[in-house]
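Next up, final10.cif (mmCIF, C-alpha atoms):
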```
data_my_file
loop_
_atom_site.label_atom_id
_atom_site.label_comp_id
_atom_site.auth_asym_id
_atom_site.auth_seq_id
_atom_site.Cartn_x
_atom_site.Cartn_y
_atom_site.Cartn_z
CA MET A 1 0.00 0.00 0.00
CA LYS A 2 1.45 3.32 -1.07
CA PHE A 3 -0.26 5.63 1.38
CA PHE A 4 0.11 4.75 5.04
CA ARG A 5 -1.72 7.76 6.43
CA SER A 6 -3.12 6.13 9.49
CA LEU A 7 0.16 4.52 10.33
CA LEU A 8 0.08 6.93 13.22
CA ALA A 9 -2.87 4.99 14.49
CA ALA A 10 -0.47 2.09 14.69
CA LEU A 11 1.07 3.96 17.61
CA ALA A 12 -2.11 3.09 19.43
CA VAL A 13 -1.48 -0.55 18.67
CA THR A 14 2.04 -0.09 19.97
CA ALA A 15 0.74 1.46 23.17
CA ALA A 16 -1.76 -1.31 23.74
CA LEU A 17 0.43 -4.23 22.79
CA ALA A 18 3.41 -2.88 24.67
CA SER A 19 1.36 -3.26 27.84
CA SER A 20 1.95 -7.00 27.71
CA ALA A 21 5.65 -6.69 26.90
CA GLN A 22 8.54 -6.45 29.34
CA ASP A 23 11.58 -4.26 28.80
CA ALA A 24 14.48 -6.51 27.87
CA PRO A 25 17.85 -5.86 29.53
CA ALA A 26 20.11 -3.57 27.54
CA THR A 27 23.24 -5.09 26.01
CA GLY A 28 25.97 -3.96 23.67
CA ALA A 29 24.55 -6.12 20.86
CA PRO A 30 21.02 -4.99 19.88
CA ASP A 31 18.75 -7.38 18.01
CA PRO A 32 18.90 -7.03 14.21
CA LEU A 33 15.99 -5.32 12.47
CA ASP A 34 13.54 -7.09 10.26
CA VAL A 35 12.32 -3.93 8.51
CA GLY A 36 15.52 -2.16 7.47
CA THR A 37 18.11 -0.02 9.19
CA GLY A 38 17.06 3.58 8.64
CA ARG A 39 20.62 4.28 7.56
CA ILE A 40 21.75 6.97 5.17
CA ARG A 41 23.72 5.55 2.26
CA PRO A 42 27.42 6.56 2.42
CA THR A 43 27.32 7.60 -1.24
CA GLN A 44 24.61 9.60 -2.95
CA GLY A 45 25.63 8.89 -6.51
CA TYR A 46 28.31 9.89 -8.97
CA TYR A 47 28.86 11.84 -12.17
CA LEU A 48 31.54 12.09 -14.83
CA THR A 49 33.39 15.30 -15.53
CA ASN A 50 36.29 16.37 -17.71
CA ILE A 51 39.46 17.39 -15.87
CA ASP A 52 42.47 18.39 -17.98
CA GLY A 53 41.11 16.45 -20.92
CA GLU A 54 40.47 13.27 -18.93
CA GLU A 55 37.05 11.92 -18.02
CA THR A 56 36.99 11.61 -14.24
CA MET A 57 34.40 10.04 -11.96
CA MET A 58 33.25 12.28 -9.10
CA ILE A 59 31.58 10.49 -6.19
CA MET A 60 29.18 12.45 -3.97
CA LEU A 61 29.45 11.43 -0.32
CA SER A 62 26.79 11.86 2.34
CA PRO A 63 27.64 14.25 5.18
CA VAL A 64 29.31 12.60 8.16
CA THR A 65 28.98 13.89 11.73
CA VAL A 66 31.89 13.17 14.06
CA PHE A 67 31.06 13.24 17.77
CA PRO A 68 33.56 13.58 20.62
CA GLU A 69 34.02 10.56 22.84
CA LEU A 70 30.93 10.18 25.00
CA LYS A 71 31.80 10.13 28.68
CA PHE A 72 29.14 8.65 30.93
CA LYS A 73 28.41 10.22 34.29
CA ASN A 74 27.77 6.85 35.89
CA LYS A 75 26.89 3.21 35.21
CA LYS A 76 23.20 4.03 34.97
CA GLU A 77 23.81 6.48 32.12
CA GLU A 78 25.95 3.92 30.30
CA GLU A 79 23.12 1.39 30.58
CA PHE A 80 20.73 4.03 29.24
CA TYR A 81 23.04 4.53 26.26
CA TRP A 82 23.05 0.87 25.24
CA LYS A 83 19.33 0.58 25.82
CA THR A 84 18.91 3.64 23.60
CA VAL A 85 21.03 2.00 20.88
CA ARG A 86 18.76 -1.03 20.97
CA ASP A 87 15.55 0.99 20.93
CA VAL A 88 16.65 3.47 18.25
CA LYS A 89 17.72 0.69 15.89
CA LYS A 90 14.31 -0.90 16.36
CA ALA A 91 12.17 2.23 16.03
CA LEU A 92 14.05 4.53 13.63
CA PRO A 93 12.99 2.76 10.39
CA PHE A 94 9.33 3.07 11.42
CA ALA A 95 9.75 6.77 12.24
CA LYS A 96 11.20 7.39 8.79
CA VAL A 97 8.41 5.45 7.07
CA ILE A 98 5.85 7.46 9.02
CA CYS A 99 7.48 10.75 8.01
CA GLU A 100 7.47 9.77 4.33
CA SER A 101 3.90 8.53 4.62
CA ILE A 102 2.68 11.79 6.11
CA ILE A 103 3.91 13.65 3.06
CA GLU A 104 2.59 11.08 0.57
CA THR A 105 -0.84 10.74 2.13
CA TYR A 106 -1.32 14.46 2.65
CA ASP A 107 -0.59 15.01 -1.03
CA TYR A 108 -3.00 12.22 -1.95
CA ILE A 109 -5.97 13.20 0.21
CA GLU A 110 -5.67 16.76 -1.07
CA THR A 111 -6.66 15.37 -4.49
CA LEU A 112 -9.91 13.90 -3.14
CA PRO A 113 -12.86 16.17 -3.93
CA SER A 114 -14.84 15.89 -0.69
CA GLU A 115 -14.38 15.58 3.06
CA LYS A 116 -16.47 12.42 3.00
CA GLU A 117 -14.08 10.73 0.58
CA ARG A 118 -11.10 11.82 2.64
CA GLU A 119 -12.61 10.38 5.81
CA ALA A 120 -13.45 7.15 4.02
CA HIS A 121 -9.89 6.85 2.74
CA LEU A 122 -8.36 7.50 6.16
CA LYS A 123 -10.68 5.01 7.83
CA ALA A 124 -9.85 2.31 5.27
CA MET A 125 -6.14 2.94 5.65
CA GLU A 126 -6.37 2.83 9.43
CA GLY A 127 -7.79 -0.68 9.31
CA ALA A 128 -5.25 -1.80 6.73
CA ILE A 129 -2.35 -0.44 8.76
CA PHE A 130 -3.52 -2.18 11.92
CA LYS A 131 -3.56 -5.45 10.01
CA GLN A 132 -0.19 -4.90 8.34
CA TYR A 133 1.85 -3.60 11.26
CA LYS A 134 0.31 -5.35 14.28
CA PRO A 135 2.58 -8.45 14.00
CA VAL A 136 5.68 -6.23 14.15
CA LEU A 137 4.54 -3.59 16.61
CA LYS A 138 3.33 -6.12 19.15
CA LYS A 139 6.98 -7.10 19.62
CA PHE A 140 7.87 -3.58 20.75
CA THR A 141 8.62 -3.05 24.43
CA LYS A 142 7.21 -0.04 26.25
CA SER A 143 10.51 1.79 25.94
CA GLN A 144 10.62 1.09 22.19
CA ALA A 145 7.08 2.39 21.78
CA GLN A 146 8.05 5.56 23.62
CA MET A 147 11.21 5.82 21.53
CA LEU A 148 9.09 5.60 18.38
CA CYS A 149 7.13 8.63 19.57
CA LYS A 150 10.35 10.57 20.18
CA LEU A 151 11.81 9.64 16.80
CA ILE A 152 8.58 10.58 15.02
CA ASN A 153 8.94 13.99 16.65
CA ARG A 154 12.57 14.07 15.45
CA GLU A 155 11.61 13.26 11.85
CA THR A 156 8.48 15.41 11.59
CA SER A 157 9.16 18.22 14.11
CA THR A 158 5.81 17.56 15.78
CA SER A 159 4.41 15.08 18.28
CA SER A 160 2.58 11.88 17.42
CA TYR A 161 -0.46 13.28 19.22
CA ASN A 162 -0.57 16.39 17.01
CA ILE A 163 -0.29 14.26 13.88
CA LEU A 164 -3.11 12.02 15.06
CA LYS A 165 -5.21 15.08 15.88
CA ALA A 166 -4.60 16.57 12.44
CA PHE A 167 -5.67 13.45 10.59
CA LEU A 168 -8.06 11.66 12.94
CA GLY A 169 -9.59 14.55 14.89
CA ASN A 170 -9.50 15.74 18.51
CA PHE A 171 -11.70 13.01 19.97
CA ARG A 172 -9.84 10.05 18.55
CA ALA A 173 -6.46 11.62 19.24
CA GLY A 174 -7.52 12.18 22.83
CA PHE A 175 -8.75 8.60 23.11
CA TRP A 176 -5.45 7.16 21.89
CA GLN A 177 -3.48 9.50 24.16
CA THR A 178 -5.48 8.37 27.20
CA PHE A 179 -5.21 4.75 26.12
CA GLY A 180 -1.47 5.04 25.57
CA ARG A 181 -0.87 6.79 28.91
CA PHE A 182 -2.70 3.97 30.67
CA PHE A 183 -0.02 1.61 29.38
CA GLY A 184 2.89 3.98 29.91
CA VAL A 185 3.23 5.51 26.43
CA ASN A 186 2.82 9.27 26.00
CA LEU A 187 1.96 10.32 22.44
CA LYS A 188 2.68 13.95 23.37
CA THR A 189 6.33 13.14 24.03
CA GLY A 190 8.61 16.02 23.09
CA TYR A 191 12.12 15.91 21.68
CA HIS A 192 14.67 18.49 22.86
CA PRO A 193 18.24 17.33 22.14
CA ARG A 194 19.67 20.81 22.72
CA THR A 195 18.39 21.12 26.27
CA ASP A 196 17.72 17.58 27.50
CA ARG A 197 20.73 15.29 28.06
CA LYS A 198 18.79 12.06 27.41
CA ASP A 199 17.40 13.45 24.16
CA ALA A 200 20.92 14.56 23.25
CA ILE A 201 22.11 10.98 23.67
CA ILE A 202 19.20 9.78 21.52
CA GLU A 203 20.22 12.27 18.81
CA ILE A 204 23.82 11.05 18.87
CA VAL A 205 22.71 7.42 18.65
CA ALA A 206 20.17 8.10 15.87
CA THR A 207 22.73 10.02 13.82
CA ARG A 208 25.34 7.30 14.25
CA VAL A 209 22.82 4.62 13.27
CA GLU A 210 21.92 6.61 10.14
CA GLN A 211 25.59 6.89 9.22
CA GLY A 212 26.22 3.18 9.77
CA GLN A 213 28.46 3.71 12.79
CA LEU A 214 26.26 1.57 15.05
#
```
Step by step, read the file and then write its structure as structure tokens.
Amino acid sequence: MKFFRSLLAALAVTAALASSAQDAPATGAPDPLDVGTGRIRPTQGYYLTNIDGEETMMIMLSPVTVFPELKFKNKKEEEFYWKTVRDVKKALPFAKVICESIIETYDYIETLPSEKEREAHLKAMEGAIFKQYKPVLKKFTKSQAQMLCKLINRETSTSSYNILKAFLGNFRAGFWQTFGRFFGVNLKTGYHPRTDRKDAIIEIVATRVEQGQL
């Protein structure tokens, strides 16, 4: 399916299903992903150019961010780091798919002539997304579900709750927020890597995962 508009409703599935999951202990070797890596390719393509009469291949490289050595304040913060590595590698691909889907679906529903047709499309997609993503999302732990909310904010610059409200309305967004909070997942989760140390660690991990360093 090309347009995953109500994929954000899948966050509700995450919130509900995560209630029966237990947070696994963090280790230095996160589980591999089944849905991709969310990584940025090291090369973005190439072109041929003439230099001093010779045809030369020019390779365009993706930007690389180099971070200073991360010094942990204590053992607890080090454990948080490795848990973050695990959770980011699990959730980042979904956050990127959601971001792309928001753009695609918004463009698509804008072509529909009436509000009724838009609502019908969103409702149909919501059901389809539940069916498609439930087997994967039910394996998320609570911390991974919360990480997904943070990474969605990172990719879209807005909270999962606001996206749900924009596409599903105030009532349904409020319902899913209440439902998620009951199971320990806050769809209104913010993301402030410049002012919050934990979010700063998440940003470092996410960037390193994208660049293939983790």
Subject >> Distance of atom CA of Lys165 of chain A from atom CA of Ala206 of chain A, expressed in Å to one decimal place >> reply: 26.3 Å
Original post:
So, counting only C-alpha atoms, which residue among A:Phe67, A:Phe94, A:Tyr47, A:Tyr108 is closest to Leu137 of chain A?
Top reply: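 Using only C-alpha atoms, Leu137 of chain A sits closest to A:Phe94.
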**OP:** Quote the spacing between atom CA of Thr156 of chain A and atom CA of Phe80 of chain A in Å to one decimal place.
**Re:**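 Computed distance, atom CA of Thr156 of chain A to atom CA of Phe80 of chain A, equals 24.3 Å.
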Subject >> Point-to-point distance in Å for atom CA of Leu214 of chain A and atom CA of Lys150 of chain A >> reply: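 Between these atoms lies a distance of 19.0 Å.
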Original post:
So which residues are close to (29.2, 6.8, 24.6), meaning at most 10 Å away in the file's coordinates with all atoms listed in the file counted, and can you show them as a count of residues only?
Top reply: 13
Original post:
Can you list what the PyMOL selection byres ((chain A and resi 208) around 10) grabs from this structure, as a PyMOL selection string?
Top reply: chain A and resi 39-40+64-67+85+202-207+209-214
